[in-house]
>>> print(open('coords-v8.cif').read())   # mmCIF, N, CA and C atoms
data_entry
#
loop_
_atom_site.label_atom_id
_atom_site.label_comp_id
_atom_site.auth_asym_id
_atom_site.auth_seq_id
_atom_site.Cartn_x
_atom_site.Cartn_y
_atom_site.Cartn_z
N MET F 257 84.46 7.79 88.82
CA MET F 257 85.81 7.71 89.31
C MET F 257 85.89 8.19 90.76
N HIS F 258 85.16 9.27 91.05
CA HIS F 258 85.16 9.80 92.41
C HIS F 258 84.75 8.74 93.42
N ASP F 259 83.69 8.00 93.08
CA ASP F 259 83.17 7.00 94.01
C ASP F 259 84.20 5.92 94.30
N ARG F 260 85.04 5.59 93.33
CA ARG F 260 86.09 4.58 93.54
C ARG F 260 87.28 5.15 94.31
N GLN F 261 87.63 6.40 94.00
CA GLN F 261 88.79 7.01 94.65
C GLN F 261 88.50 7.40 96.10
N PHE F 262 87.23 7.75 96.38
CA PHE F 262 86.86 8.20 97.72
C PHE F 262 85.64 7.41 98.21
N PRO F 263 85.83 6.14 98.55
CA PRO F 263 84.69 5.29 98.90
C PRO F 263 83.95 5.70 100.18
N ASN F 264 84.58 6.51 101.03
CA ASN F 264 83.93 6.92 102.27
C ASN F 264 83.15 8.23 102.14
N GLU F 265 83.23 8.87 100.99
CA GLU F 265 82.50 10.11 100.76
C GLU F 265 81.15 9.79 100.13
N PRO F 266 80.21 10.75 100.19
CA PRO F 266 78.90 10.51 99.55
C PRO F 266 79.06 10.16 98.07
N LYS F 267 78.26 9.21 97.63
CA LYS F 267 78.33 8.75 96.25
C LYS F 267 77.83 9.83 95.29
N GLN F 268 78.47 9.94 94.13
CA GLN F 268 78.06 10.88 93.10
C GLN F 268 77.32 10.18 91.96
N ILE F 269 77.53 8.89 91.82
CA ILE F 269 76.87 8.13 90.76
C ILE F 269 75.62 7.47 91.35
N LYS F 270 74.51 7.65 90.66
CA LYS F 270 73.24 7.09 91.11
C LYS F 270 73.17 5.60 90.78
N PRO F 271 72.39 4.84 91.55
CA PRO F 271 72.19 3.43 91.20
C PRO F 271 71.63 3.32 89.78
N GLY F 272 72.20 2.42 89.00
CA GLY F 272 71.74 2.24 87.63
C GLY F 272 72.50 3.05 86.60
N GLU F 273 73.33 3.99 87.04
CA GLU F 273 74.14 4.75 86.10
C GLU F 273 75.37 3.92 85.72
N GLY F 274 75.70 3.95 84.46
CA GLY F 274 76.92 3.30 83.99
C GLY F 274 77.89 4.37 83.53
N VAL F 275 78.95 4.60 84.29
CA VAL F 275 79.95 5.61 83.95
C VAL F 275 81.31 4.92 83.99
N TYR F 276 82.00 4.94 82.84
CA TYR F 276 83.23 4.18 82.72
C TYR F 276 84.33 5.01 82.06
N PRO F 277 85.55 4.97 82.60
CA PRO F 277 86.67 5.61 81.90
C PRO F 277 87.10 4.71 80.73
N VAL F 278 87.32 5.32 79.56
CA VAL F 278 87.80 4.57 78.39
C VAL F 278 88.92 5.35 77.73
N GLU F 279 89.84 4.62 77.13
CA GLU F 279 90.91 5.29 76.39
C GLU F 279 90.54 5.32 74.93
N GLN F 280 90.65 6.50 74.33
CA GLN F 280 90.34 6.67 72.92
C GLN F 280 91.36 7.62 72.31
N ASP F 281 92.04 7.19 71.29
CA ASP F 281 93.08 8.00 70.63
C ASP F 281 94.12 8.50 71.63
N GLY F 282 94.51 7.65 72.56
CA GLY F 282 95.52 8.01 73.54
C GLY F 282 95.05 8.94 74.64
N MET F 283 93.74 9.22 74.67
CA MET F 283 93.20 10.12 75.71
C MET F 283 92.16 9.37 76.55
N MET F 284 92.11 9.69 77.83
CA MET F 284 91.08 9.10 78.70
C MET F 284 89.80 9.92 78.56
N ARG F 285 88.72 9.24 78.34
CA ARG F 285 87.40 9.86 78.21
C ARG F 285 86.44 9.11 79.13
N VAL F 286 85.27 9.68 79.29
CA VAL F 286 84.24 9.04 80.09
C VAL F 286 83.14 8.56 79.15
N GLN F 287 82.72 7.33 79.34
CA GLN F 287 81.63 6.75 78.57
C GLN F 287 80.48 6.48 79.53
N VAL F 288 79.27 6.82 79.11
CA VAL F 288 78.10 6.55 79.94
C VAL F 288 77.18 5.58 79.23
N SER F 289 76.42 4.85 80.02
CA SER F 289 75.43 3.95 79.45
C SER F 289 74.27 3.84 80.43
N GLY F 290 73.14 3.45 79.89
CA GLY F 290 71.95 3.27 80.71
C GLY F 290 71.05 4.49 80.70
N GLN F 291 69.78 4.24 80.95
CA GLN F 291 68.77 5.29 80.90
C GLN F 291 69.03 6.40 81.92
N ILE F 292 69.43 6.04 83.11
CA ILE F 292 69.66 7.05 84.15
C ILE F 292 70.79 7.98 83.75
N SER F 293 71.86 7.43 83.21
CA SER F 293 72.99 8.26 82.76
C SER F 293 72.57 9.20 81.65
N VAL F 294 71.87 8.67 80.67
CA VAL F 294 71.45 9.49 79.53
C VAL F 294 70.50 10.59 79.99
N MET F 295 69.57 10.26 80.87
CA MET F 295 68.62 11.27 81.34
C MET F 295 69.30 12.29 82.25
N SER F 296 70.36 11.91 82.94
CA SER F 296 71.12 12.88 83.73
C SER F 296 71.76 13.92 82.81
N ILE F 297 72.28 13.45 81.68
CA ILE F 297 72.85 14.36 80.69
C ILE F 297 71.75 15.26 80.13
N ASN F 298 70.60 14.68 79.82
CA ASN F 298 69.47 15.48 79.34
C ASN F 298 69.08 16.54 80.36
N GLY F 299 69.11 16.17 81.64
CA GLY F 299 68.79 17.13 82.69
C GLY F 299 69.76 18.30 82.70
N LEU F 300 71.04 18.01 82.55
CA LEU F 300 72.05 19.08 82.51
C LEU F 300 71.85 19.97 81.29
N LEU F 301 71.57 19.36 80.15
CA LEU F 301 71.34 20.14 78.92
C LEU F 301 70.12 21.04 79.05
N THR F 302 69.03 20.50 79.59
CA THR F 302 67.83 21.32 79.71
C THR F 302 68.04 22.47 80.69
N LYS F 303 68.83 22.24 81.72
CA LYS F 303 69.12 23.32 82.68
C LYS F 303 69.91 24.44 82.01
N VAL F 304 70.88 24.10 81.18
CA VAL F 304 71.66 25.11 80.46
C VAL F 304 70.74 25.90 79.52
N ILE F 305 69.89 25.19 78.77
CA ILE F 305 68.97 25.87 77.84
C ILE F 305 68.03 26.78 78.62
N PHE F 306 67.50 26.30 79.73
CA PHE F 306 66.58 27.08 80.57
C PHE F 306 67.28 28.34 81.09
N ASP F 307 68.47 28.18 81.63
CA ASP F 307 69.20 29.32 82.21
C ASP F 307 69.61 30.35 81.17
N ARG F 308 69.91 29.90 79.96
CA ARG F 308 70.38 30.83 78.91
C ARG F 308 69.25 31.48 78.13
N ASN F 309 68.03 31.17 78.47
CA ASN F 309 66.87 31.75 77.79
C ASN F 309 65.88 32.31 78.81
N PRO F 310 66.29 33.31 79.59
CA PRO F 310 65.47 33.79 80.70
C PRO F 310 64.17 34.49 80.30
N THR F 311 64.03 34.87 79.04
CA THR F 311 62.79 35.55 78.63
C THR F 311 61.75 34.59 78.06
N ASN F 312 62.12 33.33 77.89
CA ASN F 312 61.19 32.34 77.33
C ASN F 312 60.52 31.53 78.43
N GLU F 313 59.29 31.13 78.15
CA GLU F 313 58.60 30.21 79.05
C GLU F 313 58.94 28.78 78.62
N PHE F 314 58.97 27.89 79.59
CA PHE F 314 59.31 26.49 79.31
C PHE F 314 58.25 25.57 79.90
N PHE F 315 57.97 24.50 79.17
CA PHE F 315 57.01 23.50 79.59
C PHE F 315 57.61 22.13 79.31
N VAL F 316 57.18 21.13 80.05
CA VAL F 316 57.76 19.80 79.89
C VAL F 316 56.68 18.75 80.09
N GLU F 317 56.78 17.68 79.30
CA GLU F 317 55.99 16.48 79.54
C GLU F 317 56.89 15.61 80.40
N GLU F 318 56.51 15.43 81.62
CA GLU F 318 57.39 14.80 82.62
C GLU F 318 57.24 13.29 82.59
N SER F 319 57.96 12.64 81.67
CA SER F 319 57.90 11.19 81.61
C SER F 319 59.07 10.54 82.35
N PHE F 320 60.10 11.31 82.62
CA PHE F 320 61.25 10.82 83.37
C PHE F 320 61.70 11.94 84.29
N PRO F 321 61.88 11.68 85.57
CA PRO F 321 62.21 12.77 86.50
C PRO F 321 63.56 13.41 86.21
N LEU F 322 63.57 14.71 86.11
CA LEU F 322 64.80 15.50 86.01
C LEU F 322 64.88 16.31 87.30
N ASP F 323 65.75 15.86 88.17
CA ASP F 323 65.78 16.34 89.56
C ASP F 323 65.76 17.86 89.70
N TRP F 324 66.50 18.58 88.90
CA TRP F 324 66.59 20.03 89.08
C TRP F 324 65.24 20.72 88.86
N MET F 325 64.35 20.09 88.10
CA MET F 325 63.08 20.72 87.76
C MET F 325 62.05 20.68 88.88
N PHE F 326 62.09 19.67 89.74
CA PHE F 326 61.01 19.46 90.71
C PHE F 326 60.57 20.71 91.46
N PRO F 327 61.46 21.50 92.03
CA PRO F 327 60.99 22.67 92.77
C PRO F 327 60.40 23.76 91.88
N HIS F 328 60.59 23.66 90.56
CA HIS F 328 60.14 24.68 89.62
C HIS F 328 58.82 24.33 88.93
N LEU F 329 58.34 23.12 89.08
CA LEU F 329 57.20 22.65 88.29
C LEU F 329 55.86 22.98 88.90
N THR F 330 54.93 23.37 88.02
CA THR F 330 53.52 23.49 88.39
C THR F 330 52.69 22.83 87.29
N PRO F 331 51.56 22.23 87.66
CA PRO F 331 50.72 21.60 86.64
C PRO F 331 50.22 22.64 85.64
N PHE F 332 50.16 22.25 84.38
CA PHE F 332 49.67 23.11 83.31
C PHE F 332 48.96 22.22 82.31
N GLY F 333 47.76 21.77 82.68
CA GLY F 333 47.04 20.82 81.84
C GLY F 333 47.73 19.47 81.90
N ILE F 334 47.95 18.86 80.74
CA ILE F 334 48.58 17.53 80.72
C ILE F 334 50.10 17.62 80.77
N ILE F 335 50.65 18.84 80.81
CA ILE F 335 52.09 19.03 80.91
C ILE F 335 52.40 19.83 82.17
N MET F 336 53.66 20.13 82.37
CA MET F 336 54.09 20.92 83.53
C MET F 336 54.78 22.19 83.05
N LYS F 337 54.54 23.28 83.75
CA LYS F 337 55.25 24.52 83.46
C LYS F 337 56.49 24.56 84.35
N ILE F 338 57.62 24.98 83.77
CA ILE F 338 58.85 25.15 84.54
C ILE F 338 58.95 26.62 84.90
N ASN F 339 58.70 26.94 86.15
CA ASN F 339 58.74 28.32 86.61
C ASN F 339 60.18 28.77 86.81
N ARG F 340 60.42 30.05 86.63
CA ARG F 340 61.77 30.60 86.79
C ARG F 340 62.28 30.46 88.21
N GLN F 341 61.41 30.70 89.17
CA GLN F 341 61.80 30.61 90.58
C GLN F 341 61.17 29.35 91.19
N PRO F 342 61.89 28.69 92.08
CA PRO F 342 61.29 27.53 92.76
C PRO F 342 60.07 27.96 93.57
N LEU F 343 59.10 27.09 93.63
CA LEU F 343 57.89 27.37 94.41
C LEU F 343 58.05 26.78 95.80
N PRO F 344 57.76 27.57 96.85
CA PRO F 344 57.87 27.01 98.20
C PRO F 344 56.79 25.95 98.47
N GLU F 345 55.66 26.06 97.75
CA GLU F 345 54.57 25.10 97.92
C GLU F 345 53.60 25.22 96.75
N LEU F 346 52.77 24.21 96.58
CA LEU F 346 51.68 24.30 95.62
C LEU F 346 50.50 24.93 96.36
N THR F 347 50.05 26.07 95.88
CA THR F 347 48.98 26.80 96.56
C THR F 347 47.63 26.10 96.35
N GLU F 348 46.67 26.47 97.15
CA GLU F 348 45.31 25.94 96.99
C GLU F 348 44.79 26.26 95.60
N GLU F 349 45.11 27.43 95.08
CA GLU F 349 44.64 27.84 93.76
C GLU F 349 45.23 26.95 92.67
N ILE F 350 46.50 26.63 92.76
CA ILE F 350 47.14 25.74 91.78
C ILE F 350 46.49 24.37 91.82
N VAL F 351 46.26 23.85 93.01
CA VAL F 351 45.64 22.53 93.16
C VAL F 351 44.21 22.56 92.65
N ARG F 352 43.46 23.63 92.93
CA ARG F 352 42.08 23.75 92.47
C ARG F 352 42.02 23.76 90.94
N ARG F 353 42.87 24.57 90.31
CA ARG F 353 42.89 24.64 88.84
C ARG F 353 43.26 23.29 88.22
N ASP F 354 44.23 22.61 88.82
CA ASP F 354 44.65 21.30 88.30
C ASP F 354 43.52 20.29 88.45
N HIS F 355 42.87 20.29 89.59
CA HIS F 355 41.75 19.37 89.81
C HIS F 355 40.64 19.64 88.79
N GLU F 356 40.33 20.90 88.57
CA GLU F 356 39.30 21.27 87.60
C GLU F 356 39.67 20.79 86.20
N PHE F 357 40.92 20.99 85.81
CA PHE F 357 41.37 20.53 84.50
C PHE F 357 41.17 19.02 84.37
N TRP F 358 41.65 18.24 85.35
CA TRP F 358 41.59 16.78 85.23
C TRP F 358 40.17 16.26 85.32
N ALA F 359 39.30 16.95 86.04
CA ALA F 359 37.89 16.55 86.09
C ALA F 359 37.27 16.68 84.69
N LYS F 360 37.53 17.80 84.02
CA LYS F 360 36.98 18.01 82.68
C LYS F 360 37.64 17.07 81.66
N PHE F 361 38.94 16.90 81.79
CA PHE F 361 39.68 16.05 80.85
C PHE F 361 39.19 14.60 80.96
N SER F 362 39.08 14.08 82.17
CA SER F 362 38.65 12.69 82.34
C SER F 362 37.19 12.51 81.95
N GLU F 363 36.37 13.55 82.12
CA GLU F 363 34.96 13.44 81.70
C GLU F 363 34.87 13.20 80.19
N ARG F 364 35.73 13.87 79.43
CA ARG F 364 35.74 13.67 77.98
C ARG F 364 36.13 12.24 77.62
N LEU F 365 36.96 11.62 78.44
CA LEU F 365 37.46 10.29 78.14
C LEU F 365 36.56 9.17 78.66
N ILE F 366 36.07 9.31 79.89
CA ILE F 366 35.35 8.19 80.52
C ILE F 366 34.03 8.59 81.15
N GLY F 367 33.62 9.83 81.01
CA GLY F 367 32.40 10.30 81.67
C GLY F 367 32.75 10.91 83.02
N ASN F 368 31.74 11.38 83.71
CA ASN F 368 32.00 12.07 84.98
C ASN F 368 31.55 11.26 86.19
N TRP F 369 31.75 9.97 86.14
CA TRP F 369 31.26 9.12 87.23
C TRP F 369 32.21 9.01 88.41
N ILE F 370 33.46 9.43 88.27
CA ILE F 370 34.40 9.35 89.39
C ILE F 370 34.30 10.64 90.21
N THR F 371 33.95 10.48 91.48
CA THR F 371 33.87 11.61 92.40
C THR F 371 34.69 11.27 93.64
N TYR F 372 34.72 12.19 94.58
CA TYR F 372 35.41 11.91 95.84
C TYR F 372 34.74 10.77 96.60
N ASP F 373 33.46 10.52 96.31
CA ASP F 373 32.72 9.47 97.02
C ASP F 373 32.76 8.12 96.30
N THR F 374 33.34 8.06 95.12
CA THR F 374 33.39 6.80 94.37
C THR F 374 34.31 5.83 95.10
N PRO F 375 33.81 4.66 95.46
CA PRO F 375 34.67 3.68 96.13
C PRO F 375 35.81 3.24 95.20
N VAL F 376 36.96 3.06 95.77
CA VAL F 376 38.13 2.61 95.01
C VAL F 376 37.82 1.29 94.32
N SER F 377 37.05 0.43 94.96
CA SER F 377 36.73 -0.87 94.37
C SER F 377 35.98 -0.70 93.04
N ASN F 378 35.14 0.33 92.91
CA ASN F 378 34.45 0.58 91.65
C ASN F 378 35.44 0.99 90.56
N ILE F 379 36.39 1.80 90.92
CA ILE F 379 37.39 2.25 89.95
C ILE F 379 38.25 1.07 89.50
N VAL F 380 38.66 0.24 90.47
CA VAL F 380 39.47 -0.94 90.15
C VAL F 380 38.69 -1.88 89.24
N SER F 381 37.42 -2.11 89.53
CA SER F 381 36.60 -2.99 88.69
C SER F 381 36.51 -2.44 87.27
N TRP F 382 36.32 -1.14 87.15
CA TRP F 382 36.24 -0.51 85.84
C TRP F 382 37.55 -0.70 85.07
N ILE F 383 38.68 -0.50 85.76
CA ILE F 383 39.98 -0.66 85.11
C ILE F 383 40.18 -2.11 84.67
N GLU F 384 39.85 -3.04 85.53
CA GLU F 384 40.01 -4.46 85.19
C GLU F 384 39.15 -4.84 83.98
N ARG F 385 37.90 -4.36 83.96
CA ARG F 385 37.04 -4.66 82.81
C ARG F 385 37.59 -4.02 81.53
N SER F 386 38.06 -2.79 81.65
CA SER F 386 38.57 -2.07 80.48
C SER F 386 39.82 -2.73 79.92
N THR F 387 40.72 -3.13 80.80
CA THR F 387 41.98 -3.71 80.32
C THR F 387 41.80 -5.15 79.85
N SER F 388 40.88 -5.87 80.44
CA SER F 388 40.70 -7.27 80.02
C SER F 388 40.04 -7.36 78.65
N THR F 389 39.24 -6.37 78.28
CA THR F 389 38.61 -6.38 76.97
C THR F 389 39.41 -5.63 75.93
N GLY F 390 40.45 -4.91 76.39
CA GLY F 390 41.27 -4.15 75.46
C GLY F 390 40.61 -2.88 74.98
N THR F 391 39.58 -2.45 75.68
CA THR F 391 38.87 -1.23 75.30
C THR F 391 38.84 -0.28 76.47
N THR F 392 38.44 0.92 76.20
CA THR F 392 38.24 1.90 77.27
C THR F 392 36.75 2.01 77.51
N ALA F 393 36.32 1.54 78.66
CA ALA F 393 34.90 1.63 78.99
C ALA F 393 34.52 3.07 79.25
N THR F 394 33.41 3.51 78.68
CA THR F 394 32.98 4.89 78.89
C THR F 394 31.72 4.95 79.74
N SER F 395 31.20 3.80 80.11
CA SER F 395 30.00 3.82 80.94
C SER F 395 30.36 3.80 82.41
N LYS F 396 29.41 4.22 83.20
CA LYS F 396 29.61 4.31 84.64
C LYS F 396 29.93 2.93 85.24
N ALA F 397 30.93 2.91 86.12
CA ALA F 397 31.27 1.66 86.80
C ALA F 397 30.20 1.32 87.81
N THR F 398 29.96 0.03 87.99
CA THR F 398 28.97 -0.40 88.99
C THR F 398 29.59 -1.35 89.96
#
>>> encode(input="coords-v8.cif", output="structure tokens")
Amino acid sequence: MHDRQFPNEPKQIKPGEGVYPVEQDGMMRVQVSGQISVMSINGLLTKVIFDRNPTNEFFVEESFPLDWMFPHLTPFGIIMKINRQPLPELTEEIVRRDHEFWAKFSERLIGNWITYDTPVSNIVSWIERSTSTGTTATSKAT
């Protein structure tokens, strides 16, 4: 409604959000639709839960971006830890630990053939072969 009433002000509704006023039982209510709208509500709910539980640690599998979380996230294996305070930066130590985790994790899945020196073309060839056969190749790409 704000965006319609004040078209010259910054927009409050994101592209792809469906927010509509509807009348129900003689009262005006707001109806939302679409993934972005639903995930925005999820973001607000998770923020309330996070704020009201200051002694608990929180972790998230980040499959859809929740804007408020970004400054609080650090890698924690295959998930992300939501830190209480925003981080000004990802430290060298955080990046080193994350790199070490993913090196070991990917070795279990596909072997340890991907290094900093592996040409991108080898990785692409491996992916194309793996996806075209419907299998996950575990041998070294050539």
>>> resolve_selection(input="coords-v8.cif", expression="the PyMOL selection byres ((chain F and resi 305-316) around 6.5)", output="mmCIF file with N, CA and C atoms, in the coordinates of the input")
data_model
loop_
_atom_site.group_PDB
_atom_site.id
_atom_site.type_symbol
_atom_site.label_atom_id
_atom_site.label_comp_id
_atom_site.auth_asym_id
_atom_site.auth_seq_id
_atom_site.Cartn_x
_atom_site.Cartn_y
_atom_site.Cartn_z
ATOM 1 N N LEU F 300 71.040 18.010 82.550
ATOM 2 C CA LEU F 300 72.050 19.080 82.510
ATOM 3 C C LEU F 300 71.850 19.970 81.290
ATOM 4 N N LEU F 301 71.570 19.360 80.150
ATOM 5 C CA LEU F 301 71.340 20.140 78.920
ATOM 6 C C LEU F 301 70.120 21.040 79.050
ATOM 7 N N THR F 302 69.030 20.500 79.590
ATOM 8 C CA THR F 302 67.830 21.320 79.710
ATOM 9 C C THR F 302 68.040 22.470 80.690
ATOM 10 N N LYS F 303 68.830 22.240 81.720
ATOM 11 C CA LYS F 303 69.120 23.320 82.680
ATOM 12 C C LYS F 303 69.910 24.440 82.010
ATOM 13 N N VAL F 304 70.880 24.100 81.180
ATOM 14 C CA VAL F 304 71.660 25.110 80.460
ATOM 15 C C VAL F 304 70.740 25.900 79.520
ATOM 16 N N GLU F 317 56.780 17.680 79.300
ATOM 17 C CA GLU F 317 55.990 16.480 79.540
ATOM 18 C C GLU F 317 56.890 15.610 80.400
ATOM 19 N N GLU F 318 56.510 15.430 81.620
ATOM 20 C CA GLU F 318 57.390 14.800 82.620
ATOM 21 C C GLU F 318 57.240 13.290 82.590
ATOM 22 N N SER F 319 57.960 12.640 81.670
ATOM 23 C CA SER F 319 57.900 11.190 81.610
ATOM 24 C C SER F 319 59.070 10.540 82.350
ATOM 25 N N ILE F 335 50.650 18.840 80.810
ATOM 26 C CA ILE F 335 52.090 19.030 80.910
ATOM 27 C C ILE F 335 52.400 19.830 82.170
ATOM 28 N N MET F 336 53.660 20.130 82.370
ATOM 29 C CA MET F 336 54.090 20.920 83.530
ATOM 30 C C MET F 336 54.780 22.190 83.050
ATOM 31 N N LYS F 337 54.540 23.280 83.750
ATOM 32 C CA LYS F 337 55.250 24.520 83.460
ATOM 33 C C LYS F 337 56.490 24.560 84.350
ATOM 34 N N ILE F 338 57.620 24.980 83.770
ATOM 35 C CA ILE F 338 58.850 25.150 84.540
ATOM 36 C C ILE F 338 58.950 26.620 84.900
ATOM 37 N N ASN F 339 58.700 26.940 86.150
ATOM 38 C CA ASN F 339 58.740 28.320 86.610
ATOM 39 C C ASN F 339 60.180 28.770 86.810
#
>>> select_by_dssp(input="coords-v8.cif", residues="stretch 337-384 of chain F", states="alpha helix (DSSP H)", output="MDAnalysis selection string")
chainID F and resid 348:366 376:384
>>> residues_around(input="coords-v8.cif", residues="F:Gln268", least_positions_apart="5", cutoff="8 Å", atoms="only N, CA and C atoms", output="PDB file with N, CA and C atoms, keeping the file's coordinate frame")
ATOM      1  N   HIS F 258      85.160   9.270  91.050  1.00  0.00           N
ATOM      2  CA  HIS F 258      85.160   9.800  92.410  1.00  0.00           C
ATOM      3  C   HIS F 258      84.750   8.740  93.420  1.00  0.00           C
ATOM      4  N   ASP F 259      83.690   8.000  93.080  1.00  0.00           N
ATOM      5  CA  ASP F 259      83.170   7.000  94.010  1.00  0.00           C
ATOM      6  C   ASP F 259      84.200   5.920  94.300  1.00  0.00           C
ATOM      7  N   ARG F 260      85.040   5.590  93.330  1.00  0.00           N
ATOM      8  CA  ARG F 260      86.090   4.580  93.540  1.00  0.00           C
ATOM      9  C   ARG F 260      87.280   5.150  94.310  1.00  0.00           C
TER      10      ARG F 260
END
>>> resolve_selection(input="coords-v8.cif", expression="the PyMOL selection byres ((chain F and resi 287) around 5)", output="number ranges by chain")
F: 275-277, 285-286, 288-289
>>> resolve_selection(input="coords-v8.cif", expression="the PyMOL selection byres ((chain F and resi 272) around 6)", output="list of chain:residue names")
F:Lys270, F:Pro271, F:Glu273, F:Gly274, F:Gly290, F:Ile292, F:Ser293
>>> atom_distance(input="coords-v8.cif", atom1="atom CA of F:Asp373", atom2="atom CA of F:Ser388")
25.2 Å
>>> atom_distance(input="coords-v8.cif", atom1="atom CA of F:Ser377", atom2="atom CA of F:Glu363")
19.2 Å
>>> atom_distance(input="coords-v8.cif", atom1="atom CA of F:Ser386", atom2="atom C of F:Trp358")
19.0 Å
>>> decode(input="coords-v8.cif", residues="stretch 285-307 of chain F", atoms="C-alpha atoms", output="PDB file, in the first residue's frame")
ATOM      1  CA  ARG F 285      -6.445  -7.377   5.861  1.00  0.00           C
ATOM      2  CA  VAL F 286      -3.256  -7.949   3.937  1.00  0.00           C
ATOM      3  CA  GLN F 287      -2.787 -11.068   1.849  1.00  0.00           C
ATOM      4  CA  VAL F 288       0.625 -12.148   0.607  1.00  0.00           C
ATOM      5  CA  SER F 289       1.590 -14.558  -2.128  1.00  0.00           C
ATOM      6  CA  GLY F 290       4.739 -15.781  -3.769  1.00  0.00           C
ATOM      7  CA  GLN F 291       7.991 -17.229  -2.498  1.00  0.00           C
ATOM      8  CA  ILE F 292       9.608 -13.874  -1.760  1.00  0.00           C
ATOM      9  CA  SER F 293       6.670 -12.756   0.397  1.00  0.00           C
ATOM     10  CA  VAL F 294       6.555 -16.021   2.310  1.00  0.00           C
ATOM     11  CA  MET F 295      10.311 -16.022   2.896  1.00  0.00           C
ATOM     12  CA  SER F 296      10.171 -12.392   4.062  1.00  0.00           C
ATOM     13  CA  ILE F 297       7.692 -13.493   6.720  1.00  0.00           C
ATOM     14  CA  ASN F 298       9.974 -16.414   7.606  1.00  0.00           C
ATOM     15  CA  GLY F 299      12.839 -13.940   7.944  1.00  0.00           C
ATOM     16  CA  LEU F 300      10.843 -11.804  10.377  1.00  0.00           C
ATOM     17  CA  LEU F 301       9.833 -14.870  12.402  1.00  0.00           C
ATOM     18  CA  THR F 302      13.385 -16.185  12.632  1.00  0.00           C
ATOM     19  CA  LYS F 303      14.619 -12.762  13.766  1.00  0.00           C
ATOM     20  CA  VAL F 304      12.054 -12.692  16.587  1.00  0.00           C
ATOM     21  CA  ILE F 305      12.998 -16.238  17.665  1.00  0.00           C
ATOM     22  CA  PHE F 306      16.714 -15.353  17.502  1.00  0.00           C
ATOM     23  CA  ASP F 307      16.289 -12.137  19.511  1.00  0.00           C
TER      24      ASP F 307
END
